[in-house]
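Quick notes on the structure that follows.
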Amino acid sequence: MQPLTNKAQAVSRQPMTFWERLYLINIIKGMMITFSHMFKKQPTTRYPEEKRPFSPVFRGLHVLNRDEEGRERCTACGLCAVACPAEAITMEAAERLEGEENLYREEKYAAKYEINMLRCIFCGLCEEACPKDAIYLSETFAPANYTRKGFIYGKSDLLIPNPTTEATDLALARGVEA
Ligand code: SF4
Ligand code: SF4
C-alpha cells in the first residue's frame with residue numbers, strides 16, 4: 001500500500017541485548033531525571049498551608065453587606081437576580097415592620113436570599129447591578145461540599161457579620177487581624 005507521507009520508519013526487529021533486557025541503564029536514566037527535580041524550584045503551592053495571593057480583580061464568594069449601623073442593605077429589588085446570566089439568585093421580599101428599623105435599612109428587605117454556587121459563574125454582574133451596595137464578591141471561594149444542597153447559600157451564609165455586635169467576626173471576614 002502506498003504511504004500517505006514519508007514519515008513512516010521501519011521498526012528494528014533486532015533481538016534485545018543482555019543489557020537492554022536488564023533495563024538497568026534506562027532505570028538509572030529515569031532515576032537521574034527524578035533526582036534532578038529535587039533541586040528545581042517547585043511550581044506547586046502546598047494548599048491549604050500555603051495560599052496563593054489572588055489577583056486584584058479576583059471575584060470570589062458573595063457577601064451581603066450591612067451599613068455602618070449593622071442594618072441589612074438589601075432592599076429585595078431583584079435587580080441582581082435579573083442581571084444574573086446563570087439564574088443563580090432567588091429571593092423573597094418582605095415589608096419592614098415597625099420596630100425593625102435597626103435591622104433593615106429600607107422599607108422592603110429580603111426575607112429569603114439564596115445563591116446557587118453550582119450555577120454561579122462569578123461574573124460579578126450582580127454586584128454591578130445592585131443600586132444599594134448590598135452585594136459584593138469577596139476574595140474567598142466556596143469550599144468543597146459533599147452535597148448539592150450544601151452549595152445553595154442562604155442569608156445566614158452570605159450576610160457579613162454585624163459591625164456593631166460582631167466586630168471580631170467582621171474583622172476576620174475582612175481578613176484584618178483583630
Ligand atoms: S456572580 Fe454572576 S453568575 Fe454569580 S450570582 Fe452574580 S450575576 Fe449570577
Ligand atoms: S442585592 Fe442589591 S440588587 Fe440584589 S435585591 Fe438586594 S438591593 Fe437589589
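Every chain in the C-alpha cells takes a letter, A first, then B, and so on in the order presented; its residues are numbered from 1, and the ligands are numbered from 1 following the presented order.
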
Contacts of chain A with ligand 2 up to 7 Å, shortest pair per row, only C-alpha atoms and all ligand atoms, as a tab-separated table:
```
residue	atom	partner	partner_atom_place_in_ligand_line	distance
A:Leu64	CA	ligand 2	1 (S)	6.9
A:Arg73	CA	ligand 2	7 (S)	6.7
A:Cys74	CA	ligand 2	6 (Fe)	3.7
A:Thr75	CA	ligand 2	7 (S)	4.4
A:Ala76	CA	ligand 2	5 (S)	3.6
A:Cys77	CA	ligand 2	8 (Fe)	4.0
A:Gly78	CA	ligand 2	5 (S)	4.0
A:Leu79	CA	ligand 2	3 (S)	4.2
A:Cys80	CA	ligand 2	3 (S)	4.1
A:Ala81	CA	ligand 2	4 (Fe)	6.4
A:Ala110	CA	ligand 2	6 (Fe)	7.0
A:Cys126	CA	ligand 2	3 (S)	6.5
A:Ala129	CA	ligand 2	3 (S)	5.7
A:Cys130	CA	ligand 2	3 (S)	3.5
A:Pro131	CA	ligand 2	2 (Fe)	5.8
A:Lys132	CA	ligand 2	7 (S)	5.1
A:Asp133	CA	ligand 2	2 (Fe)	6.4
A:Ala134	CA	ligand 2	1 (S)	4.8
A:Ile135	CA	ligand 2	1 (S)	4.9
```

With N, CA and C atoms retained, write the just-selected residues as an mmCIF file, in the first residue's frame.
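Heads up, here's the output in result34.cif:
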```
data_model
loop_
_atom_site.group_PDB
_atom_site.id
_atom_site.type_symbol
_atom_site.label_atom_id
_atom_site.label_comp_id
_atom_site.auth_asym_id
_atom_site.auth_seq_id
_atom_site.Cartn_x
_atom_site.Cartn_y
_atom_site.Cartn_z
ATOM 1 N N LEU A 64 -23.354 39.543 51.503
ATOM 2 C CA LEU A 64 -24.462 40.510 51.610
ATOM 3 C C LEU A 64 -24.038 41.547 52.636
ATOM 4 N N ARG A 73 -28.476 46.000 53.974
ATOM 5 C CA ARG A 73 -28.635 46.995 52.917
ATOM 6 C C ARG A 73 -29.626 46.556 51.831
ATOM 7 N N CYS A 74 -29.758 45.238 51.646
ATOM 8 C CA CYS A 74 -30.561 44.732 50.524
ATOM 9 C C CYS A 74 -32.022 45.128 50.664
ATOM 10 N N THR A 75 -32.584 45.620 49.570
ATOM 11 C CA THR A 75 -33.991 46.013 49.571
ATOM 12 C C THR A 75 -34.845 45.075 48.718
ATOM 13 N N ALA A 76 -34.290 43.950 48.369
ATOM 14 C CA ALA A 76 -35.017 42.921 47.602
ATOM 15 C C ALA A 76 -35.635 43.467 46.326
ATOM 16 N N CYS A 77 -34.888 44.328 45.633
ATOM 17 C CA CYS A 77 -35.414 44.899 44.381
ATOM 18 C C CYS A 77 -35.344 43.882 43.252
ATOM 19 N N GLY A 78 -34.482 42.905 43.360
ATOM 20 C CA GLY A 78 -34.409 41.840 42.349
ATOM 21 C C GLY A 78 -33.511 42.154 41.164
ATOM 22 N N LEU A 79 -32.858 43.312 41.178
ATOM 23 C CA LEU A 79 -32.028 43.667 40.020
ATOM 24 C C LEU A 79 -30.857 42.698 39.839
ATOM 25 N N CYS A 80 -30.316 42.218 40.954
ATOM 26 C CA CYS A 80 -29.194 41.271 40.849
ATOM 27 C C CYS A 80 -29.656 39.974 40.190
ATOM 28 N N ALA A 81 -30.864 39.524 40.579
ATOM 29 C CA ALA A 81 -31.389 38.274 40.012
ATOM 30 C C ALA A 81 -31.662 38.430 38.515
ATOM 31 N N ALA A 110 -34.991 41.546 51.999
ATOM 32 C CA ALA A 110 -35.030 40.160 51.512
ATOM 33 C C ALA A 110 -35.224 39.220 52.699
ATOM 34 N N CYS A 126 -24.072 40.724 39.337
ATOM 35 C CA CYS A 126 -24.997 41.035 40.433
ATOM 36 C C CYS A 126 -24.478 42.240 41.222
ATOM 37 N N ALA A 129 -25.032 45.367 39.237
ATOM 38 C CA ALA A 129 -26.444 45.777 39.096
ATOM 39 C C ALA A 129 -27.022 46.354 40.379
ATOM 40 N N CYS A 130 -26.421 46.054 41.518
ATOM 41 C CA CYS A 130 -27.045 46.435 42.800
ATOM 42 C C CYS A 130 -26.980 47.942 43.047
ATOM 43 N N PRO A 131 -28.135 48.594 43.228
ATOM 44 C CA PRO A 131 -28.125 50.044 43.459
ATOM 45 C C PRO A 131 -27.867 50.403 44.926
ATOM 46 N N LYS A 132 -27.842 49.410 45.803
ATOM 47 C CA LYS A 132 -27.733 49.688 47.241
ATOM 48 C C LYS A 132 -26.389 49.266 47.841
ATOM 49 N N ASP A 133 -25.452 48.897 47.011
ATOM 50 C CA ASP A 133 -24.150 48.435 47.505
ATOM 51 C C ASP A 133 -24.354 47.293 48.510
ATOM 52 N N ALA A 134 -25.327 46.440 48.190
ATOM 53 C CA ALA A 134 -25.728 45.415 49.150
ATOM 54 C C ALA A 134 -25.062 44.073 48.906
ATOM 55 N N ILE A 135 -24.473 43.899 47.736
ATOM 56 C CA ILE A 135 -23.825 42.610 47.460
ATOM 57 C C ILE A 135 -22.482 42.873 46.788
#
```

Any residue with an atom at most 9 Å from ligand 1 counts, using only C-alpha atoms and all ligand atoms. Which are they? Put them as a tab-separated table (two decimals) with C-alpha atoms, in the first residue's frame.
```
chain	number	residue	atom	x	y	z
A	59	ARG	CA	-14.15	37.60	42.15
A	60	GLY	CA	-14.97	35.09	44.88
A	61	LEU	CA	-17.77	34.23	47.24
A	62	HIS	CA	-20.62	36.72	47.60
A	80	CYS	CA	-29.19	41.27	40.85
A	81	ALA	CA	-31.39	38.27	40.01
A	82	VAL	CA	-32.43	39.86	36.70
A	83	ALA	CA	-28.81	40.68	35.82
A	84	CYS	CA	-27.57	37.18	36.68
A	85	PRO	CA	-26.90	35.27	33.44
A	86	ALA	CA	-26.84	31.94	35.29
A	87	GLU	CA	-30.18	32.48	37.10
A	88	ALA	CA	-28.40	31.59	40.32
A	89	ILE	CA	-30.14	34.08	42.62
A	115	ILE	CA	-27.39	31.91	45.62
A	116	ASN	CA	-26.74	28.57	43.99
A	117	MET	CA	-22.95	28.43	43.84
A	119	ARG	CA	-24.79	27.70	38.87
A	120	CYS	CA	-22.83	30.87	39.58
A	121	ILE	CA	-20.04	31.74	37.15
A	122	PHE	CA	-18.65	34.52	39.39
A	123	CYS	CA	-19.08	37.12	36.68
A	124	GLY	CA	-19.83	39.92	39.16
A	125	LEU	CA	-22.87	41.25	37.27
A	126	CYS	CA	-25.00	41.04	40.43
A	127	GLU	CA	-22.56	43.38	42.16
A	128	GLU	CA	-22.64	45.77	39.20
A	129	ALA	CA	-26.44	45.78	39.10
A	135	ILE	CA	-23.83	42.61	47.46
A	136	TYR	CA	-20.20	42.21	46.53
A	137	LEU	CA	-17.86	39.41	45.58
```

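For the atom pair formed by CA of Thr34 (chain A) and CA of Glu20 (chain A), the distance is 20.7 Å, given to one decimal.
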
Residue set, chain A restricted to strand (DSSP E), as a PyMOL selection string: chain A and resi 62-64+89-95+108-116+135-137+152-153

Test item, helix (DSSP H, G or I) assignment across region 71-119 of chain A, answer as a count of residues only: 5

CA of Thr90 (chain A) to CA of Glu139 (chain A), distance in Å rounded to a single decimal: 22.5 Å

Residues of region 67-113 of chain A within 9 Å of region 146-161 of chain A: nearest atom pair and distance (Å, one decimal) for each, counting only C-alpha atoms, sorted by chain and number, as a tab-separated table?
```
residue	atom	partner	partner_atom	distance
A:Gly70	CA	A:Pro161	CA	8.2
A:Glu72	CA	A:Leu159	CA	8.2
A:Ala110	CA	A:Lys155	CA	8.7
A:Ala111	CA	A:Lys155	CA	8.5
A:Lys112	CA	A:Lys155	CA	6.7
A:Tyr113	CA	A:Lys155	CA	5.5
```

Residue contacts of Asn102 (chain A) (10 Å, only C-alpha atoms) excluding same-chain residues fewer than 3 positions away, as a ChimeraX atom specification: /A:69-72,98-99,105

Residues as selected, C-alpha atoms, written as an mmCIF file, in the first residue's frame, can you do that?
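Produced file out.cif, reproduced below:
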```
data_model
loop_
_atom_site.group_PDB
_atom_site.id
_atom_site.type_symbol
_atom_site.label_atom_id
_atom_site.label_comp_id
_atom_site.auth_asym_id
_atom_site.auth_seq_id
_atom_site.Cartn_x
_atom_site.Cartn_y
_atom_site.Cartn_z
ATOM 1 C CA GLU A 69 -25.168 50.697 61.856
ATOM 2 C CA GLY A 70 -25.331 46.975 61.104
ATOM 3 C CA ARG A 71 -28.600 47.116 59.120
ATOM 4 C CA GLU A 72 -29.042 44.921 56.051
ATOM 5 C CA GLU A 98 -42.442 48.887 62.931
ATOM 6 C CA GLY A 99 -39.528 48.428 65.317
ATOM 7 C CA ARG A 105 -32.176 49.912 56.131
#
```

Selected residue of minimal separation from Leu170 (chain A) among A:Ser36, A:Thr17, A:Asn65, A:Gln9, counting only C-alpha atoms: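 With only C-alpha atoms as the atom set, the closest residue is A:Asn65.
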